[in-house]
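Q: Next comes entry16.cif, mmCIF, N, CA, C and O atoms:
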data_data
#
loop_
_atom_site.label_atom_id
_atom_site.label_comp_id
_atom_site.auth_asym_id
_atom_site.auth_seq_id
_atom_site.Cartn_x
_atom_site.Cartn_y
_atom_site.Cartn_z
N GLN A 1 44.97 7.83 -33.88
CA GLN A 1 43.85 7.76 -34.81
C GLN A 1 43.86 6.42 -35.56
O GLN A 1 42.80 5.84 -35.80
N LYS A 2 45.04 5.98 -35.91
CA LYS A 2 45.15 4.72 -36.65
C LYS A 2 44.68 3.54 -35.78
O LYS A 2 43.95 2.67 -36.25
N ILE A 3 45.08 3.53 -34.53
CA ILE A 3 44.67 2.46 -33.61
C ILE A 3 43.15 2.49 -33.42
O ILE A 3 42.50 1.44 -33.42
N GLU A 4 42.59 3.67 -33.29
CA GLU A 4 41.14 3.79 -33.12
C GLU A 4 40.40 3.27 -34.36
O GLU A 4 39.39 2.58 -34.24
N ARG A 5 40.90 3.59 -35.54
CA ARG A 5 40.30 3.11 -36.78
C ARG A 5 40.37 1.58 -36.85
O ARG A 5 39.41 0.92 -37.23
N LEU A 6 41.51 1.01 -36.44
CA LEU A 6 41.66 -0.44 -36.44
C LEU A 6 40.70 -1.10 -35.43
O LEU A 6 40.15 -2.17 -35.70
N LYS A 7 40.49 -0.47 -34.30
CA LYS A 7 39.54 -0.99 -33.32
C LYS A 7 38.13 -1.00 -33.88
O LYS A 7 37.37 -1.96 -33.68
N GLN A 8 37.77 0.06 -34.58
CA GLN A 8 36.44 0.14 -35.20
C GLN A 8 36.28 -0.93 -36.29
O GLN A 8 35.22 -1.56 -36.39
N ASN A 9 37.34 -1.13 -37.06
CA ASN A 9 37.30 -2.19 -38.08
C ASN A 9 37.13 -3.56 -37.44
O ASN A 9 36.40 -4.41 -37.95
N LYS A 10 37.82 -3.77 -36.33
CA LYS A 10 37.71 -5.06 -35.64
C LYS A 10 36.28 -5.30 -35.19
O LYS A 10 35.74 -6.41 -35.36
N ILE A 11 35.63 -4.28 -34.66
CA ILE A 11 34.23 -4.41 -34.24
C ILE A 11 33.35 -4.74 -35.43
O ILE A 11 32.49 -5.62 -35.37
N LYS A 12 33.57 -4.06 -36.55
CA LYS A 12 32.79 -4.30 -37.77
C LYS A 12 32.95 -5.75 -38.22
O LYS A 12 31.97 -6.42 -38.55
N TYR A 13 34.19 -6.25 -38.21
CA TYR A 13 34.42 -7.63 -38.65
C TYR A 13 33.87 -8.65 -37.67
O TYR A 13 33.42 -9.72 -38.08
N GLU A 14 33.88 -8.34 -36.41
CA GLU A 14 33.27 -9.24 -35.42
C GLU A 14 31.77 -9.32 -35.63
O GLU A 14 31.18 -10.40 -35.50
N LEU A 15 31.14 -8.20 -35.97
CA LEU A 15 29.70 -8.22 -36.26
C LEU A 15 29.40 -9.03 -37.52
O LEU A 15 28.43 -9.79 -37.57
N LEU A 16 30.26 -8.90 -38.53
CA LEU A 16 30.09 -9.70 -39.75
C LEU A 16 30.26 -11.19 -39.45
O LEU A 16 29.53 -12.02 -39.98
N GLU A 17 31.22 -11.51 -38.60
CA GLU A 17 31.43 -12.91 -38.22
C GLU A 17 30.20 -13.47 -37.51
O GLU A 17 29.76 -14.59 -37.78
N GLU A 18 29.60 -12.68 -36.64
CA GLU A 18 28.40 -13.10 -35.93
C GLU A 18 27.24 -13.29 -36.91
O GLU A 18 26.47 -14.25 -36.79
N GLU A 19 27.14 -12.40 -37.89
CA GLU A 19 26.10 -12.52 -38.92
C GLU A 19 26.27 -13.81 -39.70
O GLU A 19 25.29 -14.51 -39.99
N LEU A 20 27.51 -14.17 -40.04
CA LEU A 20 27.77 -15.42 -40.74
C LEU A 20 27.36 -16.62 -39.91
O LEU A 20 26.74 -17.56 -40.40
N LYS A 21 27.70 -16.59 -38.63
CA LYS A 21 27.38 -17.73 -37.75
C LYS A 21 25.87 -17.92 -37.64
O LYS A 21 25.37 -19.04 -37.69
N THR A 22 25.12 -16.83 -37.48
CA THR A 22 23.67 -16.95 -37.30
C THR A 22 22.96 -17.30 -38.60
O THR A 22 21.95 -17.98 -38.59
N SER A 23 23.50 -16.84 -39.74
CA SER A 23 22.84 -17.10 -41.02
C SER A 23 23.11 -18.51 -41.54
O SER A 23 22.32 -19.04 -42.32
N GLY A 24 24.24 -19.09 -41.17
CA GLY A 24 24.61 -20.39 -41.70
C GLY A 24 25.20 -20.31 -43.10
O GLY A 24 25.53 -21.33 -43.70
N GLU A 25 25.32 -19.11 -43.64
CA GLU A 25 25.90 -18.92 -44.97
C GLU A 25 27.43 -18.96 -44.88
O GLU A 25 27.99 -18.57 -43.86
N PRO A 26 28.10 -19.39 -45.95
CA PRO A 26 29.56 -19.43 -45.93
C PRO A 26 30.21 -18.08 -46.19
O PRO A 26 31.40 -17.90 -45.93
N GLN A 27 29.45 -17.10 -46.73
CA GLN A 27 29.99 -15.79 -47.04
C GLN A 27 28.93 -14.73 -46.81
O GLN A 27 27.74 -15.03 -46.77
N VAL A 28 29.38 -13.48 -46.73
CA VAL A 28 28.47 -12.34 -46.63
C VAL A 28 29.03 -11.22 -47.48
O VAL A 28 30.24 -11.03 -47.56
N SER A 29 28.15 -10.51 -48.15
CA SER A 29 28.56 -9.35 -48.94
C SER A 29 28.19 -8.09 -48.17
O SER A 29 27.08 -7.96 -47.67
N THR A 30 29.13 -7.17 -48.11
CA THR A 30 28.86 -5.92 -47.38
C THR A 30 28.20 -4.87 -48.27
O THR A 30 27.78 -3.83 -47.78
N THR A 31 28.08 -5.14 -49.56
CA THR A 31 27.46 -4.18 -50.47
C THR A 31 26.10 -4.61 -50.99
O THR A 31 25.26 -3.78 -51.30
N ASP A 32 25.85 -5.91 -51.09
CA ASP A 32 24.58 -6.43 -51.59
C ASP A 32 24.32 -7.73 -50.86
O ASP A 32 25.06 -8.69 -51.00
N THR A 33 23.24 -7.78 -50.10
CA THR A 33 22.99 -8.95 -49.25
C THR A 33 22.78 -10.24 -50.03
O THR A 33 22.99 -11.32 -49.49
N ASP A 34 22.38 -10.14 -51.30
CA ASP A 34 22.17 -11.35 -52.12
C ASP A 34 23.43 -11.80 -52.84
O ASP A 34 23.47 -12.91 -53.36
N ALA A 35 24.42 -10.95 -52.94
CA ALA A 35 25.61 -11.25 -53.74
C ALA A 35 26.61 -12.11 -52.98
O ALA A 35 26.71 -12.04 -51.76
N ARG A 36 27.34 -12.93 -53.74
CA ARG A 36 28.40 -13.78 -53.20
C ARG A 36 29.53 -13.83 -54.20
O ARG A 36 29.36 -13.48 -55.37
N ALA A 37 30.68 -14.33 -53.77
CA ALA A 37 31.79 -14.55 -54.68
C ALA A 37 31.37 -15.66 -55.64
O ALA A 37 31.07 -16.77 -55.24
N LEU A 38 31.32 -15.34 -56.93
CA LEU A 38 30.83 -16.26 -57.94
C LEU A 38 31.90 -16.45 -59.00
O LEU A 38 32.40 -15.48 -59.56
N LEU A 39 32.26 -17.70 -59.24
CA LEU A 39 33.22 -18.02 -60.29
C LEU A 39 32.55 -17.76 -61.63
O LEU A 39 31.59 -18.44 -62.00
N VAL A 40 33.03 -16.76 -62.34
CA VAL A 40 32.39 -16.33 -63.58
C VAL A 40 32.94 -17.10 -64.78
O VAL A 40 32.19 -17.65 -65.57
N GLN A 41 34.26 -17.13 -64.91
CA GLN A 41 34.88 -17.82 -66.03
C GLN A 41 36.31 -18.15 -65.66
O GLN A 41 37.05 -17.26 -65.22
N GLY A 42 36.70 -19.41 -65.84
CA GLY A 42 38.06 -19.81 -65.50
C GLY A 42 38.35 -19.56 -64.04
O GLY A 42 37.75 -20.15 -63.17
N GLN A 43 39.26 -18.62 -63.77
CA GLN A 43 39.60 -18.27 -62.39
C GLN A 43 39.10 -16.88 -62.01
O GLN A 43 39.49 -16.32 -61.00
N VAL A 44 38.22 -16.30 -62.83
CA VAL A 44 37.69 -14.97 -62.58
C VAL A 44 36.55 -15.06 -61.58
O VAL A 44 35.57 -15.77 -61.81
N VAL A 45 36.67 -14.34 -60.48
CA VAL A 45 35.65 -14.33 -59.44
C VAL A 45 35.11 -12.91 -59.33
O VAL A 45 35.86 -11.95 -59.29
N GLU A 46 33.78 -12.80 -59.29
CA GLU A 46 33.13 -11.51 -59.09
C GLU A 46 32.13 -11.63 -57.96
O GLU A 46 31.56 -12.69 -57.74
N ILE A 47 31.92 -10.55 -57.25
CA ILE A 47 30.88 -10.50 -56.23
C ILE A 47 29.58 -10.18 -56.97
O ILE A 47 29.38 -9.07 -57.44
N SER A 48 28.73 -11.17 -57.09
CA SER A 48 27.52 -11.02 -57.89
C SER A 48 26.53 -12.12 -57.51
O SER A 48 26.72 -12.81 -56.52
N TYR A 49 25.49 -12.25 -58.29
CA TYR A 49 24.57 -13.36 -58.14
C TYR A 49 24.08 -13.76 -59.52
O TYR A 49 24.22 -13.02 -60.49
N ASN A 50 23.52 -14.94 -59.62
CA ASN A 50 23.11 -15.52 -60.88
C ASN A 50 21.61 -15.79 -60.82
O ASN A 50 21.14 -16.42 -59.88
N ILE A 51 20.90 -15.32 -61.79
CA ILE A 51 19.45 -15.51 -61.83
C ILE A 51 19.11 -16.54 -62.89
O ILE A 51 19.58 -16.46 -64.02
N GLN A 52 18.30 -17.52 -62.52
CA GLN A 52 17.79 -18.53 -63.43
C GLN A 52 16.31 -18.25 -63.65
O GLN A 52 15.59 -17.94 -62.70
N ALA A 53 15.84 -18.35 -64.87
CA ALA A 53 14.42 -18.16 -65.16
C ALA A 53 13.98 -19.20 -66.18
O ALA A 53 14.71 -19.51 -67.12
N ALA A 54 12.78 -19.71 -65.97
CA ALA A 54 12.19 -20.65 -66.92
C ALA A 54 10.93 -19.99 -67.49
O ALA A 54 10.14 -19.40 -66.75
N VAL A 55 10.77 -20.09 -68.81
CA VAL A 55 9.67 -19.44 -69.51
C VAL A 55 8.93 -20.49 -70.32
O VAL A 55 9.56 -21.34 -70.97
N ASP A 56 7.59 -20.45 -70.31
CA ASP A 56 6.85 -21.41 -71.13
C ASP A 56 6.87 -20.95 -72.58
O ASP A 56 6.97 -19.76 -72.88
N ASN A 57 6.80 -21.91 -73.50
CA ASN A 57 6.93 -21.57 -74.92
C ASN A 57 5.62 -21.11 -75.55
O ASN A 57 5.63 -20.50 -76.61
N LYS A 58 4.50 -21.33 -74.91
CA LYS A 58 3.21 -20.96 -75.49
C LYS A 58 2.90 -19.47 -75.26
O LYS A 58 2.51 -18.77 -76.19
N HIS A 59 3.07 -19.02 -74.03
CA HIS A 59 2.70 -17.64 -73.69
C HIS A 59 3.91 -16.75 -73.37
O HIS A 59 3.74 -15.57 -73.11
N ASN A 60 5.10 -17.35 -73.35
CA ASN A 60 6.33 -16.62 -72.99
C ASN A 60 6.24 -15.98 -71.61
O ASN A 60 6.72 -14.87 -71.40
N LEU A 61 5.62 -16.69 -70.69
CA LEU A 61 5.50 -16.21 -69.31
C LEU A 61 6.54 -16.91 -68.44
O LEU A 61 6.82 -18.10 -68.61
N VAL A 62 7.08 -16.19 -67.47
CA VAL A 62 8.03 -16.77 -66.53
C VAL A 62 7.27 -17.73 -65.61
O VAL A 62 6.28 -17.34 -65.00
N VAL A 63 7.73 -18.97 -65.53
CA VAL A 63 7.05 -19.97 -64.71
C VAL A 63 7.87 -20.40 -63.51
O VAL A 63 7.37 -21.09 -62.63
N ALA A 64 9.15 -19.99 -63.46
CA ALA A 64 10.00 -20.32 -62.31
C ALA A 64 11.21 -19.40 -62.33
O ALA A 64 11.71 -19.06 -63.40
N THR A 65 11.67 -19.02 -61.15
CA THR A 65 12.89 -18.21 -61.04
C THR A 65 13.69 -18.66 -59.82
O THR A 65 13.12 -19.11 -58.83
N HIS A 66 14.99 -18.53 -59.92
CA HIS A 66 15.90 -18.80 -58.81
C HIS A 66 17.00 -17.75 -58.82
O HIS A 66 17.50 -17.40 -59.89
N THR A 67 17.40 -17.28 -57.68
CA THR A 67 18.61 -16.48 -57.54
C THR A 67 19.60 -17.37 -56.83
O THR A 67 19.34 -17.81 -55.70
N ILE A 68 20.72 -17.65 -57.50
CA ILE A 68 21.67 -18.61 -56.95
C ILE A 68 23.05 -17.98 -56.84
O ILE A 68 23.31 -16.94 -57.45
N ASN A 69 23.90 -18.60 -56.08
CA ASN A 69 25.26 -18.11 -55.89
C ASN A 69 26.28 -19.11 -56.43
O ASN A 69 27.24 -19.46 -55.77
N ARG A 70 26.01 -19.58 -57.63
CA ARG A 70 26.94 -20.46 -58.34
C ARG A 70 26.70 -20.26 -59.83
O ARG A 70 25.73 -19.63 -60.22
N ASN A 71 27.57 -20.81 -60.66
CA ASN A 71 27.40 -20.63 -62.09
C ASN A 71 26.33 -21.58 -62.63
O ASN A 71 25.77 -22.39 -61.90
N ASP A 72 26.06 -21.48 -63.93
CA ASP A 72 25.00 -22.27 -64.55
C ASP A 72 25.29 -23.77 -64.61
O ASP A 72 24.38 -24.56 -64.77
N LYS A 73 26.55 -24.14 -64.49
CA LYS A 73 26.95 -25.53 -64.72
C LYS A 73 26.13 -26.54 -63.92
O LYS A 73 25.82 -27.62 -64.40
N ASN A 74 25.75 -26.21 -62.69
CA ASN A 74 24.98 -27.15 -61.85
C ASN A 74 23.61 -26.59 -61.47
O ASN A 74 23.10 -26.89 -60.39
N ALA A 75 23.01 -25.79 -62.33
CA ALA A 75 21.77 -25.12 -61.96
C ALA A 75 20.55 -25.56 -62.75
O ALA A 75 19.44 -25.16 -62.43
N LEU A 76 20.72 -26.38 -63.77
CA LEU A 76 19.61 -26.69 -64.66
C LEU A 76 18.50 -27.51 -64.00
O LEU A 76 17.32 -27.18 -64.12
N SER A 77 18.85 -28.58 -63.31
CA SER A 77 17.81 -29.49 -62.84
C SER A 77 16.84 -28.83 -61.86
O SER A 77 15.63 -29.04 -61.96
N ALA A 78 17.34 -28.00 -60.96
CA ALA A 78 16.45 -27.37 -59.97
C ALA A 78 15.41 -26.47 -60.62
O ALA A 78 14.22 -26.54 -60.30
N ILE A 79 15.83 -25.63 -61.56
CA ILE A 79 14.88 -24.72 -62.21
C ILE A 79 13.94 -25.49 -63.13
O ILE A 79 12.75 -25.19 -63.23
N ALA A 80 14.44 -26.52 -63.81
CA ALA A 80 13.60 -27.32 -64.70
C ALA A 80 12.54 -28.09 -63.92
O ALA A 80 11.37 -28.14 -64.34
N ILE A 81 12.91 -28.66 -62.79
CA ILE A 81 11.95 -29.40 -61.96
C ILE A 81 10.88 -28.46 -61.43
O ILE A 81 9.69 -28.77 -61.43
N GLU A 82 11.28 -27.28 -60.98
CA GLU A 82 10.30 -26.31 -60.48
C GLU A 82 9.34 -25.87 -61.59
O GLU A 82 8.13 -25.78 -61.37
N ALA A 83 9.85 -25.62 -62.78
CA ALA A 83 9.00 -25.24 -63.90
C ALA A 83 8.01 -26.36 -64.22
O ALA A 83 6.82 -26.11 -64.44
N LYS A 84 8.49 -27.60 -64.23
CA LYS A 84 7.62 -28.75 -64.51
C LYS A 84 6.50 -28.85 -63.48
O LYS A 84 5.34 -29.05 -63.82
N GLU A 85 6.85 -28.67 -62.21
CA GLU A 85 5.84 -28.72 -61.14
C GLU A 85 4.86 -27.56 -61.25
O GLU A 85 3.65 -27.74 -61.08
N ASN A 86 5.35 -26.35 -61.52
CA ASN A 86 4.47 -25.19 -61.62
C ASN A 86 3.50 -25.30 -62.79
O ASN A 86 2.38 -24.79 -62.71
N LEU A 87 3.92 -25.97 -63.86
CA LEU A 87 3.05 -26.15 -65.02
C LEU A 87 2.23 -27.44 -64.95
O LEU A 87 1.41 -27.70 -65.82
N ALA A 88 2.47 -28.25 -63.90
CA ALA A 88 1.76 -29.52 -63.70
C ALA A 88 1.88 -30.41 -64.93
O ALA A 88 0.90 -30.94 -65.44
N LEU A 89 3.10 -30.60 -65.41
CA LEU A 89 3.36 -31.43 -66.59
C LEU A 89 3.96 -32.76 -66.20
O LEU A 89 4.67 -32.87 -65.20
N GLU A 90 3.68 -33.78 -67.00
CA GLU A 90 4.31 -35.08 -66.81
C GLU A 90 5.67 -35.11 -67.51
O GLU A 90 6.65 -35.58 -66.97
N THR A 91 5.70 -34.64 -68.75
CA THR A 91 6.94 -34.57 -69.51
C THR A 91 7.01 -33.21 -70.20
O THR A 91 5.97 -32.58 -70.44
N PHE A 92 8.21 -32.78 -70.53
CA PHE A 92 8.38 -31.53 -71.24
C PHE A 92 9.78 -31.46 -71.81
O PHE A 92 10.65 -32.24 -71.45
N THR A 93 10.01 -30.53 -72.71
CA THR A 93 11.31 -30.34 -73.35
C THR A 93 11.93 -29.06 -72.81
O THR A 93 11.26 -28.04 -72.70
N VAL A 94 13.21 -29.13 -72.49
CA VAL A 94 13.94 -27.98 -71.98
C VAL A 94 14.97 -27.56 -73.02
O VAL A 94 15.73 -28.39 -73.51
N LEU A 95 14.99 -26.29 -73.35
CA LEU A 95 16.01 -25.73 -74.24
C LEU A 95 16.86 -24.77 -73.44
O LEU A 95 16.33 -23.88 -72.78
N VAL A 96 18.19 -24.96 -73.50
CA VAL A 96 19.10 -24.12 -72.72
C VAL A 96 20.31 -23.74 -73.57
O VAL A 96 20.56 -24.35 -74.61
N ASP A 97 21.06 -22.74 -73.10
CA ASP A 97 22.29 -22.39 -73.80
C ASP A 97 23.42 -23.30 -73.35
O ASP A 97 23.26 -24.13 -72.47
N LYS A 98 24.59 -23.14 -73.95
CA LYS A 98 25.69 -24.07 -73.68
C LYS A 98 26.31 -23.89 -72.29
O LYS A 98 27.16 -24.68 -71.90
N GLY A 99 25.90 -22.90 -71.51
CA GLY A 99 26.41 -22.74 -70.15
C GLY A 99 26.03 -23.91 -69.24
O GLY A 99 26.67 -24.15 -68.24
N TYR A 100 24.98 -24.62 -69.60
CA TYR A 100 24.54 -25.77 -68.82
C TYR A 100 25.18 -27.04 -69.38
O TYR A 100 24.51 -27.93 -69.88
N HIS A 101 26.50 -27.13 -69.30
CA HIS A 101 27.22 -28.21 -69.96
C HIS A 101 27.63 -29.34 -69.01
O HIS A 101 28.67 -29.91 -69.13
N ASN A 102 26.77 -29.67 -68.10
CA ASN A 102 27.04 -30.75 -67.15
C ASN A 102 26.08 -31.89 -67.47
O ASN A 102 24.86 -31.72 -67.38
N GLY A 103 26.60 -33.03 -67.85
CA GLY A 103 25.76 -34.17 -68.21
C GLY A 103 24.82 -34.62 -67.11
O GLY A 103 23.70 -35.04 -67.38
N ARG A 104 25.26 -34.54 -65.86
CA ARG A 104 24.43 -34.94 -64.73
C ARG A 104 23.16 -34.08 -64.66
O ARG A 104 22.10 -34.54 -64.34
N GLU A 105 23.29 -32.81 -64.96
CA GLU A 105 22.16 -31.89 -64.92
C GLU A 105 21.20 -32.16 -66.06
O GLU A 105 20.04 -31.95 -65.99
#
Mind converting the file's structure to structure tokens?
A:
Amino acid sequence: QKIERLKQNKIKYELLEEELKTSGEPQVSTTDTDARALLVQGQVVEISYNIQAAVDNKHNLVVATHTINRNDKNALSAIAIEAKENLALETFTVLVDKGYHNGRE
């Protein structure tokens, strides 16, 4: 029974490996297709995903969203640029929390 269970596990992992190869993704979650190993704080890793949202200050409407598989540290510019394009603005001010603490962003 144990050998049979191991054979079934091997087949399952081979299918996951094939899924990784065809998707081009570096990881796959067996519980949530959008989730990935995400560094949450320090060395703490959780299988999760991170959602970014940009809201306009006049109407409080969501103008851009991203679901990403990394922390906030390198996520600001992509969501800010998309919000700027969606609102067709030349210049604008972005307010964020301290999680976006990367000067390059």
Q: Pick from A:Asn60, A:Val55, A:Asp97, A:Lys21: nearest to Ala83 of chain A, with only N, CA, C and O atoms counted?
A: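 Between A:Asn60, A:Val55, A:Asp97, A:Lys21, the residue approaching Ala83 of chain A most closely is A:Val55.
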Q: Output as a list in words all residues of segment 33-78 of chain A that backbone DSSP marks as strand (DSSP E).
A: Arg36, Ala37, Leu38, Leu39, Val40, Gln41, Val44, Val45, Glu46, Ile47, Ser48, Asn50, Ile51, Gln52, Ala53, Ala54, Val55, Val62, Val63, Ala64, Thr65, His66, Thr67 and Ile68 of chain A
Q: Quick check on the file I pasted: which residues fall under the PyMOL selection byres ((chain A and resi 63) around 7)? Write them as a list in words.
A: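 Applying the PyMOL selection byres ((chain A and resi 63) around 7) to the structure shown produces Ala53, Ala54, Val55, Asp56, Asn60, Leu61, Val62, Ala64, Thr65, Ile79, Glu82, Ala83, Lys84, Asn86 and Leu87 of chain A.
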Q: Any idea what the distance is between atom O of Gly99 of chain A and atom CA of Gln41 of chain A?
A: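 Between atom O of Gly99 of chain A and atom CA of Gln41 of chain A the gap works out to 10.6 Å.
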Q: Pick from A:Leu39, A:Leu89, A:Glu19, A:Val96: nearest to Arg70 of chain A, with all atoms listed in the file counted?
A: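 Answer, going by the shortest atom-to-atom distance: A:Leu39.
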Q: For the file shown, what are the residues hit by the PyMOL selection byres (((chain A and resi 75 and name CA) around 10) and name CA), laid out as a ChimeraX atom specification?
A: /A:50-52,66,68-74,76-80,99-100,102,105
Q: Hey, can you spit out that residue selection with N, CA, C and O atoms as a JSON list (two decimals), in the coordinates of the input?
A:
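part.json was written with the following content:
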[["chain", "number", "residue", "atom", "x", "y", "z"],
["A", 50, "ASN", "N", 23.52, -14.94, -59.62],
["A", 50, "ASN", "CA", 23.11, -15.52, -60.88],
["A", 50, "ASN", "C", 21.61, -15.79, -60.82],
["A", 50, "ASN", "O", 21.14, -16.42, -59.88],
["A", 51, "ILE", "N", 20.90, -15.32, -61.79],
["A", 51, "ILE", "CA", 19.45, -15.51, -61.83],
["A", 51, "ILE", "C", 19.11, -16.54, -62.89],
["A", 51, "ILE", "O", 19.58, -16.46, -64.02],
["A", 52, "GLN", "N", 18.30, -17.52, -62.52],
["A", 52, "GLN", "CA", 17.79, -18.53, -63.43],
["A", 52, "GLN", "C", 16.31, -18.25, -63.65],
["A", 52, "GLN", "O", 15.59, -17.94, -62.70],
["A", 66, "HIS", "N", 14.99, -18.53, -59.92],
["A", 66, "HIS", "CA", 15.90, -18.80, -58.81],
["A", 66, "HIS", "C", 17.00, -17.75, -58.82],
["A", 66, "HIS", "O", 17.50, -17.40, -59.89],
["A", 68, "ILE", "N", 20.72, -17.65, -57.50],
["A", 68, "ILE", "CA", 21.67, -18.61, -56.95],
["A", 68, "ILE", "C", 23.05, -17.98, -56.84],
["A", 68, "ILE", "O", 23.31, -16.94, -57.45],
["A", 69, "ASN", "N", 23.90, -18.60, -56.08],
["A", 69, "ASN", "CA", 25.26, -18.11, -55.89],
["A", 69, "ASN", "C", 26.28, -19.11, -56.43],
["A", 69, "ASN", "O", 27.24, -19.46, -55.77],
["A", 70, "ARG", "N", 26.01, -19.58, -57.63],
["A", 70, "ARG", "CA", 26.94, -20.46, -58.34],
["A", 70, "ARG", "C", 26.70, -20.26, -59.83],
["A", 70, "ARG", "O", 25.73, -19.63, -60.22],
["A", 71, "ASN", "N", 27.57, -20.81, -60.66],
["A", 71, "ASN", "CA", 27.40, -20.63, -62.09],
["A", 71, "ASN", "C", 26.33, -21.58, -62.63],
["A", 71, "ASN", "O", 25.77, -22.39, -61.90],
["A", 72, "ASP", "N", 26.06, -21.48, -63.93],
["A", 72, "ASP", "CA", 25.00, -22.27, -64.55],
["A", 72, "ASP", "C", 25.29, -23.77, -64.61],
["A", 72, "ASP", "O", 24.38, -24.56, -64.77],
["A", 73, "LYS", "N", 26.55, -24.14, -64.49],
["A", 73, "LYS", "CA", 26.95, -25.53, -64.72],
["A", 73, "LYS", "C", 26.13, -26.54, -63.92],
["A", 73, "LYS", "O", 25.82, -27.62, -64.40],
["A", 74, "ASN", "N", 25.75, -26.21, -62.69],
["A", 74, "ASN", "CA", 24.98, -27.15, -61.85],
["A", 74, "ASN", "C", 23.61, -26.59, -61.47],
["A", 74, "ASN", "O", 23.10, -26.89, -60.39],
["A", 76, "LEU", "N", 20.72, -26.38, -63.77],
["A", 76, "LEU", "CA", 19.61, -26.69, -64.66],
["A", 76, "LEU", "C", 18.50, -27.51, -64.00],
["A", 76, "LEU", "O", 17.32, -27.18, -64.12],
["A", 77, "SER", "N", 18.85, -28.58, -63.31],
["A", 77, "SER", "CA", 17.81, -29.49, -62.84],
["A", 77, "SER", "C", 16.84, -28.83, -61.86],
["A", 77, "SER", "O", 15.63, -29.04, -61.96],
["A", 78, "ALA", "N", 17.34, -28.00, -60.96],
["A", 78, "ALA", "CA", 16.45, -27.37, -59.97],
["A", 78, "ALA", "C", 15.41, -26.47, -60.62],
["A", 78, "ALA", "O", 14.22, -26.54, -60.30],
["A", 79, "ILE", "N", 15.83, -25.63, -61.56],
["A", 79, "ILE", "CA", 14.88, -24.72, -62.21],
["A", 79, "ILE", "C", 13.94, -25.49, -63.13],
["A", 79, "ILE", "O", 12.75, -25.19, -63.23],
["A", 80, "ALA", "N", 14.44, -26.52, -63.81],
["A", 80, "ALA", "CA", 13.60, -27.32, -64.70],
["A", 80, "ALA", "C", 12.54, -28.09, -63.92],
["A", 80, "ALA", "O", 11.37, -28.14, -64.34],
["A", 99, "GLY", "N", 25.90, -22.90, -71.51],
["A", 99, "GLY", "CA", 26.41, -22.74, -70.15],
["A", 99, "GLY", "C", 26.03, -23.91, -69.24],
["A", 99, "GLY", "O", 26.67, -24.15, -68.24],
["A", 100, "TYR", "N", 24.98, -24.62, -69.60],
["A", 100, "TYR", "CA", 24.54, -25.77, -68.82],
["A", 100, "TYR", "C", 25.18, -27.04, -69.38],
["A", 100, "TYR", "O", 24.51, -27.93, -69.88],
["A", 102, "ASN", "N", 26.77, -29.67, -68.10],
["A", 102, "ASN", "CA", 27.04, -30.75, -67.15],
["A", 102, "ASN", "C", 26.08, -31.89, -67.47],
["A", 102, "ASN", "O", 24.86, -31.72, -67.38],
["A", 105, "GLU", "N", 23.29, -32.81, -64.96],
["A", 105, "GLU", "CA", 22.16, -31.89, -64.92],
["A", 105, "GLU", "C", 21.20, -32.16, -66.06],
["A", 105, "GLU", "O", 20.04, -31.95, -65.99]]
Q: What are the DSSP alpha helix (DSSP H) residues of chain A, as an MDAnalysis selection string?
A: chainID A and resid 2:23 76:87
Q: How many Å lie between atom CA of Asp34 of chain A and atom CA of Ser48 of chain A, rounded to one decimal?
A: 7.9 Å
Q: In Å, how far is it from atom CA of Ser29 of chain A to atom CA of Leu16 of chain A?
A: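 Interatomic distance, atom CA of Ser29 of chain A to atom CA of Leu16 of chain A: 9.3 Å.
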Q: Can you tell me, as number ranges by chain, which residues sit within 12 Å of (31.0, -7.1, -59.1) in the file's frame, using only C-alpha atoms?
A: A: 29-32, 35-40, 44-50
Q: Using the file's own x, y and z axes, so that the box edges lie along x, y and z, what centre and edge lengths in Å (one decimal) does a box around every listed atom of segment 56-70 of chain A get when 3 Å is added on each side? Give it as AutoDock Vina command-line options.
A:
--center_x 14.9 --center_y -18.4 --center_z -66.2 --size_x 30.7 --size_y 13.0 --size_z 26.9
